[in-house]
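**Student:** Structure incoming, see below.
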Amino acid sequence: LNILVDTGSSNFAVAGVPDPDVTSYFNTDLSSTYKSQGIDVTVKYSQGSWTGVLGTDVITIPKGIYGSYTINIATILESENFFLPGVKWHGILGLAYDALAKPSSSVETFFDSLVRQAKIPNVFSLQMCGAGLPVSGSGTNGGSLVLGGIEPSLYKGDIWYTPVKEEWYYQVEILKLEVGGQNLELDCREYNADKAIVDSGTTLLRLPQKVFSAVVQAIARTSLIQEFSSGFWTGSQLACWDKTERPWSLFPKLSIYLRDENSSRSFRISILPQLYIQPILGIGENLQCYRFGISSSTNALVIGATVMEGFYVIFDRAQRRVGFAVSPCAEVDGSPVSEIEGPFTTADVASNCVSSVSFHEPVLWIASYALMSLCGIILLVLIILLLIPPRCQHRYTDNDVVNDESSLVRHRWK
């Protein structure tokens, strides 16, 4: 089975029944090692959802980590907008922290199980390749997932690390954005509203609405295209050029500043237009059409595949940090399409750009249950009061009536 590697969720799940959009599925009835736990589980993503049953099974890693290991696996029985036409994967491997695991954080994640049983270091790294290749291509996009360490041949230059601010998603702190070398000049908290995460399962670079609008305006202002359809920026339209043209030269570089482990310093990761102006469709013999690889978001800044294809990304859970290094496969026509530079001072930004109040999903669930319990208690008291017969009646006097002449109104602060 082909599995989507997702650093933005924490469940390992595969198709467990036939589906029109998957070519293979895991038939648990034919497995001698699978054991159902009989626990229903539902996972919702920013796009799509699935419902299935939790179980355990034995896996082996074909290269490097030898031995067999028992892990939690969900078999997907129903889904909505999850398996899509033309996808070449049959399941998803969630590599985020156990706080996001469903139905609760007590479900040990795939990678935690591997670290515990195989005694490998608590770090994995990801190289996503495919820069400049058609998005709807023939599946030639490559890459590597390294479990338990870092592979030197998968990066060039130095690795720059930024701290993980909160262990649920891989939440990081973004200090500023530049378009064509020009600072957007937004309050740094705008970039982290309400979180900034590194998520391989998200296709695009997703920006909070205010940041997205500023980026689009800056790109439109600095690009060499005078008039451009608004539908291109919102993702509803493609832009097409003659196949002999390279439209990337018309667009500016985009840079994201991340706080360094030394909080007084930062570094920047930059992507060239070859990563965010993405070829998607050829029309006839002469035209190549492109999409905008950046979109707006209502609840997060998401460093997705649009950016990650430029870098080798290290998820160092042991030291609670995420590392970035330039990837050798991030080249188009022999030229690099990503850069890392630093260090820079953070004297011009706030000491903390992340809101101190973060409403995690588990906290929201607890708050919901607490409110429901409170409502239930109040309702029970009201029912009891209605059922108790009145024992006496009170005759109201003028002093009992609260009106504009009462002391309550006359003595309140205006």
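Going through the structure tokens in order, the chains are called A, B, and so on, while each chain numbers its residues from 1 and the ligands are numbered from 1 in the order shown.
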Find the nearest atom pair between each residue of region 171-259 of chain A and region 38-50 of chain A for residues within 12 Å, count only C-alpha atoms, give distances in Å to one decimal, sort rows by chain and ascending number, and present the table as JSON lines.

**Tutor:**
```
{"residue": "A:Asp199", "atom": "CA", "partner": "A:Ser46", "partner_atom": "CA", "distance": 11.5}
{"residue": "A:Gly201", "atom": "CA", "partner": "A:Tyr45", "partner_atom": "CA", "distance": 9.5}
{"residue": "A:Thr202", "atom": "CA", "partner": "A:Ser46", "partner_atom": "CA", "distance": 8.6}
{"residue": "A:Thr203", "atom": "CA", "partner": "A:Gln47", "partner_atom": "CA", "distance": 10.8}
{"residue": "A:Arg206", "atom": "CA", "partner": "A:Ser46", "partner_atom": "CA", "distance": 11.3}
```

**Student:** Filtering to N, CA, C and O atoms, could you give me those residues as a compact mmCIF listing (two decimals), in the first residue's frame?

**Tutor:**
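part.txt was written with the following content:
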```
# COMPACT_ATOMS: atom_id res chain seq x y z
N ASP A 199 3.67 21.09 8.02
CA ASP A 199 2.70 20.01 7.76
C ASP A 199 2.87 19.46 6.34
O ASP A 199 2.44 20.07 5.38
N GLY A 201 1.34 17.09 5.06
CA GLY A 201 0.07 16.63 4.50
C GLY A 201 -0.75 17.74 3.86
O GLY A 201 -1.80 17.49 3.29
N THR A 202 -0.27 18.99 3.97
CA THR A 202 -0.93 20.12 3.32
C THR A 202 -0.18 20.45 2.04
O THR A 202 1.04 20.63 2.07
N THR A 203 -0.90 20.55 0.94
CA THR A 203 -0.25 20.73 -0.35
C THR A 203 0.37 22.12 -0.50
O THR A 203 1.51 22.26 -0.95
N ARG A 206 -0.17 27.80 3.23
CA ARG A 206 -1.42 28.44 3.63
C ARG A 206 -1.11 29.57 4.61
O ARG A 206 -0.36 29.39 5.57
```

**Student:** I need the residues of region 216-309 of chain A that end up classed as strand (DSSP E or B) by DSSP on the backbone, written out as a PyMOL selection string.

**Tutor:** chain A and resi 239-242+254-259+265-271+277-283+287-292+294-297+301-303

**Student:** Kindly export the residues of the current selection with N, CA and C atoms, as a compact mmCIF listing (two decimals), in the first residue's frame.

**Tutor:**
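The result, stored in again_37.txt:
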```txt
# COMPACT_ATOMS: atom_id res chain seq x y z
N ALA A 239 -3.18 30.13 -14.84
CA ALA A 239 -2.55 31.08 -15.76
C ALA A 239 -1.72 30.27 -16.74
N CYS A 240 -1.82 30.59 -18.02
CA CYS A 240 -1.16 29.78 -19.04
C CYS A 240 -0.17 30.61 -19.85
N TRP A 241 0.95 30.01 -20.15
CA TRP A 241 1.96 30.64 -20.99
C TRP A 241 2.38 29.66 -22.09
N ASP A 242 3.01 30.19 -23.10
CA ASP A 242 3.58 29.34 -24.15
C ASP A 242 4.63 28.43 -23.53
N LEU A 254 10.12 34.57 -2.18
CA LEU A 254 9.35 34.67 -0.94
C LEU A 254 10.19 34.11 0.20
N SER A 255 10.32 34.89 1.29
CA SER A 255 11.16 34.48 2.42
C SER A 255 10.37 34.44 3.72
N ILE A 256 10.61 33.41 4.51
CA ILE A 256 9.98 33.22 5.82
C ILE A 256 11.08 33.22 6.88
N TYR A 257 10.97 34.10 7.87
CA TYR A 257 11.94 34.17 8.96
C TYR A 257 11.44 33.35 10.14
N LEU A 258 12.28 32.44 10.63
CA LEU A 258 11.96 31.59 11.78
C LEU A 258 12.91 31.92 12.93
N ARG A 259 12.40 31.84 14.15
CA ARG A 259 13.27 32.10 15.31
C ARG A 259 14.27 30.96 15.47
N ARG A 265 18.35 35.40 17.74
CA ARG A 265 18.71 35.29 16.32
C ARG A 265 17.56 34.65 15.54
N SER A 266 17.60 34.86 14.24
CA SER A 266 16.64 34.19 13.35
C SER A 266 17.37 33.74 12.09
N PHE A 267 16.69 32.94 11.29
CA PHE A 267 17.20 32.58 9.97
C PHE A 267 16.03 32.61 9.01
N ARG A 268 16.30 32.67 7.74
CA ARG A 268 15.22 32.73 6.76
C ARG A 268 15.33 31.60 5.75
N ILE A 269 14.17 31.04 5.45
CA ILE A 269 14.08 30.06 4.37
C ILE A 269 13.35 30.77 3.22
N SER A 270 13.92 30.65 2.02
CA SER A 270 13.37 31.35 0.87
C SER A 270 13.02 30.37 -0.23
N ILE A 271 11.87 30.62 -0.87
CA ILE A 271 11.51 29.81 -2.03
C ILE A 271 11.39 30.72 -3.25
N ILE A 277 4.73 28.95 -8.14
CA ILE A 277 4.00 29.04 -9.41
C ILE A 277 4.14 27.66 -10.05
N GLN A 278 3.12 26.83 -9.87
CA GLN A 278 3.28 25.39 -10.08
C GLN A 278 2.63 24.91 -11.39
N PRO A 279 3.42 24.25 -12.27
CA PRO A 279 2.84 23.69 -13.49
C PRO A 279 1.84 22.60 -13.15
N ILE A 280 0.69 22.65 -13.79
CA ILE A 280 -0.35 21.68 -13.43
C ILE A 280 -0.97 21.01 -14.64
N LEU A 281 -0.95 21.67 -15.80
CA LEU A 281 -1.72 21.15 -16.93
C LEU A 281 -1.17 21.68 -18.24
N GLY A 282 -0.95 20.77 -19.18
CA GLY A 282 -0.56 21.19 -20.52
C GLY A 282 -1.79 21.20 -21.44
N ILE A 283 -1.90 22.27 -22.25
CA ILE A 283 -3.02 22.37 -23.19
C ILE A 283 -2.47 22.36 -24.60
N LEU A 287 0.72 25.27 -24.95
CA LEU A 287 0.47 25.96 -23.69
C LEU A 287 0.78 25.11 -22.46
N GLN A 288 1.34 25.75 -21.44
CA GLN A 288 1.52 25.13 -20.13
C GLN A 288 0.82 26.02 -19.12
N CYS A 289 -0.05 25.42 -18.29
CA CYS A 289 -0.83 26.19 -17.33
C CYS A 289 -0.32 25.96 -15.91
N TYR A 290 -0.42 27.00 -15.10
CA TYR A 290 0.15 27.01 -13.75
C TYR A 290 -0.91 27.41 -12.73
N ARG A 291 -0.71 26.96 -11.48
CA ARG A 291 -1.57 27.39 -10.39
C ARG A 291 -0.72 28.15 -9.36
N PHE A 292 -1.40 28.90 -8.52
CA PHE A 292 -0.76 29.64 -7.44
C PHE A 292 -0.65 28.69 -6.24
N ILE A 294 -0.11 29.11 -3.16
CA ILE A 294 -0.34 29.74 -1.86
C ILE A 294 -1.84 29.99 -1.72
N SER A 295 -2.39 29.74 -0.54
CA SER A 295 -3.83 29.97 -0.34
C SER A 295 -4.06 30.60 1.03
N SER A 296 -5.27 31.05 1.26
CA SER A 296 -5.61 31.65 2.56
C SER A 296 -6.10 30.58 3.52
N SER A 297 -6.00 30.88 4.81
CA SER A 297 -6.39 29.95 5.86
C SER A 297 -7.13 30.71 6.94
N LEU A 301 -1.06 29.40 9.89
CA LEU A 301 -0.10 29.48 8.81
C LEU A 301 0.51 28.08 8.68
N VAL A 302 0.39 27.50 7.50
CA VAL A 302 0.83 26.12 7.30
C VAL A 302 1.95 26.06 6.28
N ILE A 303 3.14 25.68 6.75
CA ILE A 303 4.26 25.44 5.84
C ILE A 303 4.04 24.05 5.26
```

**Student:** Check the smallest atom-to-atom distance from each of A:Ile219, A:Asp21, A:Arg116, A:Ala99 to Phe82 (chain A) using only C-alpha atoms, then report the winner.

**Tutor:**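 Checking each candidate against Phe82 (chain A), we get A:Asp21 as the closest.
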
**Student:** Near Asp260 (chain A), within 10 Å and counting only C-alpha atoms, which residues show up once chain neighbours fewer than 3 positions away are dropped, as a PDB file with N, CA, C and O atoms, in the first residue's frame?

**Tutor:**
```pdb
ATOM      1  N   TRP A 160      19.589  24.497   9.918  1.00  0.00           N
ATOM      2  CA  TRP A 160      19.164  25.559  10.834  1.00  0.00           C
ATOM      3  C   TRP A 160      17.933  25.063  11.593  1.00  0.00           C
ATOM      4  O   TRP A 160      16.984  24.577  10.989  1.00  0.00           O
ATOM      5  N   TYR A 161      17.980  25.218  12.929  1.00  0.00           N
ATOM      6  CA  TYR A 161      16.897  24.692  13.761  1.00  0.00           C
ATOM      7  C   TYR A 161      16.067  25.809  14.372  1.00  0.00           C
ATOM      8  O   TYR A 161      16.582  26.844  14.788  1.00  0.00           O
ATOM      9  N   THR A 162      14.751  25.565  14.443  1.00  0.00           N
ATOM     10  CA  THR A 162      13.827  26.447  15.140  1.00  0.00           C
ATOM     11  C   THR A 162      13.091  25.626  16.202  1.00  0.00           C
ATOM     12  O   THR A 162      12.761  24.461  15.958  1.00  0.00           O
ATOM     13  N   PRO A 163      12.850  26.179  17.394  1.00  0.00           N
ATOM     14  CA  PRO A 163      12.205  25.387  18.457  1.00  0.00           C
ATOM     15  C   PRO A 163      10.754  25.026  18.118  1.00  0.00           C
ATOM     16  O   PRO A 163      10.057  25.781  17.443  1.00  0.00           O
ATOM     17  N   GLU A 173       7.628  29.231  15.420  1.00  0.00           N
ATOM     18  CA  GLU A 173       7.393  30.673  15.556  1.00  0.00           C
ATOM     19  C   GLU A 173       7.955  31.406  14.343  1.00  0.00           C
ATOM     20  O   GLU A 173       9.162  31.356  14.086  1.00  0.00           O
ATOM     21  N   TYR A 257      10.967  34.100   7.866  1.00  0.00           N
ATOM     22  CA  TYR A 257      11.944  34.168   8.959  1.00  0.00           C
ATOM     23  C   TYR A 257      11.439  33.347  10.144  1.00  0.00           C
ATOM     24  O   TYR A 257      10.323  33.556  10.629  1.00  0.00           O
ATOM     25  N   SER A 263      17.285  32.583  20.882  1.00  0.00           N
ATOM     26  CA  SER A 263      16.100  33.410  20.620  1.00  0.00           C
ATOM     27  C   SER A 263      16.422  34.818  20.137  1.00  0.00           C
ATOM     28  O   SER A 263      15.555  35.499  19.601  1.00  0.00           O
ATOM     29  N   SER A 264      17.660  35.252  20.303  1.00  0.00           N
ATOM     30  CA  SER A 264      18.029  36.585  19.830  1.00  0.00           C
ATOM     31  C   SER A 264      18.419  36.583  18.357  1.00  0.00           C
ATOM     32  O   SER A 264      18.766  37.618  17.800  1.00  0.00           O
ATOM     33  N   ARG A 265      18.354  35.399  17.743  1.00  0.00           N
ATOM     34  CA  ARG A 265      18.712  35.287  16.321  1.00  0.00           C
ATOM     35  C   ARG A 265      17.560  34.651  15.544  1.00  0.00           C
ATOM     36  O   ARG A 265      16.682  34.008  16.102  1.00  0.00           O
ATOM     37  N   SER A 266      17.599  34.855  14.236  1.00  0.00           N
ATOM     38  CA  SER A 266      16.640  34.195  13.346  1.00  0.00           C
ATOM     39  C   SER A 266      17.366  33.744  12.086  1.00  0.00           C
ATOM     40  O   SER A 266      18.533  34.099  11.860  1.00  0.00           O
ATOM     41  N   PHE A 267      16.690  32.940  11.286  1.00  0.00           N
ATOM     42  CA  PHE A 267      17.197  32.579   9.968  1.00  0.00           C
ATOM     43  C   PHE A 267      16.026  32.609   9.008  1.00  0.00           C
ATOM     44  O   PHE A 267      14.866  32.594   9.427  1.00  0.00           O
ATOM     45  N   ARG A 268      16.302  32.674   7.736  1.00  0.00           N
ATOM     46  CA  ARG A 268      15.215  32.730   6.762  1.00  0.00           C
ATOM     47  C   ARG A 268      15.332  31.604   5.754  1.00  0.00           C
ATOM     48  O   ARG A 268      16.420  31.255   5.303  1.00  0.00           O
ATOM     49  N   ARG A 321      12.694  20.407  18.337  1.00  0.00           N
ATOM     50  CA  ARG A 321      13.046  21.406  17.335  1.00  0.00           C
ATOM     51  C   ARG A 321      12.813  20.851  15.932  1.00  0.00           C
ATOM     52  O   ARG A 321      12.749  19.630  15.736  1.00  0.00           O
ATOM     53  N   GLY A 323      14.345  21.259  11.987  1.00  0.00           N
ATOM     54  CA  GLY A 323      15.502  21.753  11.254  1.00  0.00           C
ATOM     55  C   GLY A 323      15.229  21.860   9.762  1.00  0.00           C
ATOM     56  O   GLY A 323      14.443  21.078   9.203  1.00  0.00           O
ATOM     57  N   GLY A 342      21.366  33.134   7.232  1.00  0.00           N
ATOM     58  CA  GLY A 342      21.323  33.583   8.605  1.00  0.00           C
ATOM     59  C   GLY A 342      22.727  33.640   9.167  1.00  0.00           C
ATOM     60  O   GLY A 342      23.700  33.342   8.462  1.00  0.00           O
ATOM     61  N   PRO A 343      22.895  34.023  10.434  1.00  0.00           N
ATOM     62  CA  PRO A 343      21.809  34.466  11.325  1.00  0.00           C
ATOM     63  C   PRO A 343      21.483  35.944  11.147  1.00  0.00           C
ATOM     64  O   PRO A 343      22.288  36.717  10.641  1.00  0.00           O
ATOM     65  N   PHE A 344      20.271  36.308  11.586  1.00  0.00           N
ATOM     66  CA  PHE A 344      19.845  37.703  11.618  1.00  0.00           C
ATOM     67  C   PHE A 344      19.430  38.034  13.053  1.00  0.00           C
ATOM     68  O   PHE A 344      19.029  37.158  13.811  1.00  0.00           O
ATOM     69  N   THR A 345      19.515  39.306  13.406  1.00  0.00           N
ATOM     70  CA  THR A 345      19.098  39.715  14.749  1.00  0.00           C
ATOM     71  C   THR A 345      17.574  39.761  14.832  1.00  0.00           C
ATOM     72  O   THR A 345      16.897  39.992  13.831  1.00  0.00           O
ATOM     73  N   THR A 346      17.055  39.548  16.036  1.00  0.00           N
ATOM     74  CA  THR A 346      15.601  39.633  16.255  1.00  0.00           C
ATOM     75  C   THR A 346      15.237  40.895  17.029  1.00  0.00           C
ATOM     76  O   THR A 346      14.153  40.994  17.595  1.00  0.00           O
TER      77      THR A 346
END
```

**Student:** Expressed in Å to a single decimal, how great is the separation between CA of Leu238 (chain A) and CA of Pro134 (chain A)?

**Tutor:** 13.1 Å

**Student:** My list of candidates is A:Ala300, A:Leu93, A:Leu177, A:Ile61. Which is closest to Ala13 (chain A) when distances are computed with only C-alpha atoms?

**Tutor:**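 Using only C-alpha atoms, the shortest distance to Ala13 (chain A) belongs to A:Leu93.
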
**Student:** Compare A:Leu385, A:Tyr34, A:Glu80, A:His90 by their minimum atom-to-atom distance to Pro18 (chain A), counting only C-alpha atoms, and give me the closest one.

**Tutor:** A:His90

**Student:** For Thr56 (chain A), which residue out of A:Gln209, A:Thr33, A:Ser68, A:Asn286 is the nearest one, using only C-alpha atoms?

**Tutor:**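 Nearest candidate to Thr56 (chain A) out of A:Gln209, A:Thr33, A:Ser68, A:Asn286: A:Thr33.
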
**Student:** Show which residues sit within 9 Å of Gly143 (chain A), as a list in words. Count only C-alpha atoms, and ignore same-chain residues fewer than 4 positions away.

**Tutor:**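 Neighbouring residues, sequence-local ones excluded: Leu126, Gln127, Met128, Cys129, Gly130 and Cys329 of chain A.
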
**Student:** Which polymer residues have any atom within 8 Å of an atom of region 222-227 of chain A, counting only C-alpha atoms, with same-chain residues fewer than 2 positions away left out, as a compact mmCIF listing (two decimals) with N, CA and C atoms, in the first residue's frame?

**Tutor:**
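Output file result04.txt is given in full below:
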```txt
# COMPACT_ATOMS: atom_id res chain seq x y z
N GLY A 180 10.12 39.53 -2.41
CA GLY A 180 11.10 40.25 -3.22
C GLY A 180 12.06 41.06 -2.36
N ALA A 218 1.77 42.26 -2.49
CA ALA A 218 3.21 42.48 -2.69
C ALA A 218 3.71 41.77 -3.94
N ILE A 219 3.20 40.54 -4.18
CA ILE A 219 3.61 39.82 -5.39
C ILE A 219 3.10 40.55 -6.63
N ALA A 220 1.84 40.98 -6.60
CA ALA A 220 1.26 41.70 -7.74
C ALA A 220 2.02 43.01 -8.00
N SER A 229 -5.56 38.16 -13.32
CA SER A 229 -6.91 37.81 -12.87
C SER A 229 -6.91 37.47 -11.38
N LEU A 250 9.08 36.20 -13.92
CA LEU A 250 8.19 37.35 -13.73
C LEU A 250 7.82 37.58 -12.27
N PHE A 251 8.16 36.63 -11.39
CA PHE A 251 7.68 36.68 -10.01
C PHE A 251 8.84 36.81 -9.01
N PRO A 252 8.56 37.34 -7.80
CA PRO A 252 9.61 37.56 -6.80
C PRO A 252 9.85 36.35 -5.90
```

**Student:** For Leu184 (chain A), please output as a list in words all residues within 8 Å (counting only C-alpha atoms; exclusion window: fewer than 5 positions along the same chain).

**Tutor:**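 Returned residues: Lys176, Leu177, Glu178, Val179, Ala214, Val215 and Ala218 of chain A.
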
**Student:** Could those residues be written to a file, using all heavy atoms, as a tab-separated table (two decimals), in the first residue's frame?

**Tutor:**
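Listed below is the output, part-v5.tsv:
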```
chain	number	residue	atom	x	y	z
A	176	LYS	N	8.73	37.04	10.54
A	176	LYS	CA	8.31	37.97	9.49
A	176	LYS	C	8.37	37.28	8.12
A	176	LYS	O	8.96	36.20	7.98
A	176	LYS	CB	9.17	39.24	9.49
A	176	LYS	CG	10.66	39.03	9.27
A	176	LYS	CD	11.37	40.40	9.35
A	176	LYS	CE	12.88	40.23	9.23
A	176	LYS	NZ	13.61	41.51	9.33
A	177	LEU	N	7.73	37.92	7.16
A	177	LEU	CA	7.75	37.47	5.77
A	177	LEU	C	8.25	38.59	4.88
A	177	LEU	O	7.98	39.78	5.15
A	177	LEU	CB	6.35	37.05	5.31
A	177	LEU	CG	6.02	35.55	5.31
A	177	LEU	CD1	6.01	35.03	6.74
A	177	LEU	CD2	4.67	35.28	4.65
A	178	GLU	N	8.97	38.22	3.84
A	178	GLU	CA	9.43	39.17	2.84
A	178	GLU	C	9.01	38.70	1.46
A	178	GLU	O	9.04	37.50	1.17
A	178	GLU	CB	10.95	39.33	2.87
A	178	GLU	CG	11.49	40.06	4.08
A	178	GLU	CD	13.01	40.16	4.10
A	178	GLU	OE1	13.65	39.46	3.27
A	178	GLU	OE2	13.54	40.89	4.94
A	179	VAL	N	8.63	39.63	0.62
A	179	VAL	CA	8.34	39.35	-0.78
A	179	VAL	C	9.29	40.19	-1.62
A	179	VAL	O	9.30	41.43	-1.50
A	179	VAL	CB	6.87	39.69	-1.14
A	179	VAL	CG1	6.63	39.52	-2.64
A	179	VAL	CG2	5.92	38.79	-0.36
A	214	ALA	N	-1.77	40.51	2.10
A	214	ALA	CA	-0.54	41.31	2.00
A	214	ALA	C	0.46	40.68	1.04
A	214	ALA	O	1.13	41.39	0.27
A	214	ALA	CB	0.08	41.48	3.39
A	215	VAL	N	0.57	39.36	1.06
A	215	VAL	CA	1.49	38.66	0.16
A	215	VAL	C	1.05	38.82	-1.29
A	215	VAL	O	1.86	39.11	-2.18
A	215	VAL	CB	1.61	37.16	0.55
A	215	VAL	CG1	2.27	36.36	-0.57
A	215	VAL	CG2	2.40	37.00	1.83
A	218	ALA	N	1.77	42.26	-2.49
A	218	ALA	CA	3.21	42.48	-2.69
A	218	ALA	C	3.71	41.77	-3.94
A	218	ALA	O	4.53	42.32	-4.69
A	218	ALA	CB	3.97	41.99	-1.46
```

**Student:** In terms of the shortest atom-to-atom distance over only C-alpha atoms, which of A:Leu133, A:Leu147, A:Val14, A:Ala325 is closest to Ser79 (chain A)?

**Tutor:**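 When distances to Ser79 (chain A) are compared using only C-alpha atoms, the smallest one comes from A:Val14.
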
**Student:** Can you tell me how far CA of Arg189 (chain A) sits from CA of Phe212 (chain A), in Å to one decimal?

**Tutor:**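 Between CA of Arg189 (chain A) and CA of Phe212 (chain A) the gap is 14.0 Å.
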
**Student:** Find the residues near Pro336 (chain A): any atom within 9 Å, counting only C-alpha atoms, skip ones fewer than 3 places away on the same chain, and give them as number ranges by chain.

**Tutor:** A: 272, 310, 326-333, 339

**Student:** To one decimal place, how far is CA of Gly148 (chain A) from CA of Thr60 (chain A) in Å?

**Tutor:**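 Between CA of Gly148 (chain A) and CA of Thr60 (chain A) the gap works out to 14.6 Å.
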
**Student:** Pick out the closest residue to Leu84 (chain A) from this set: A:Thr23, A:Ser104, A:Gln319, A:Ser230. Count only C-alpha atoms.

**Tutor:**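 That would be A:Thr23, the residue with the smallest distance to Leu84 (chain A).
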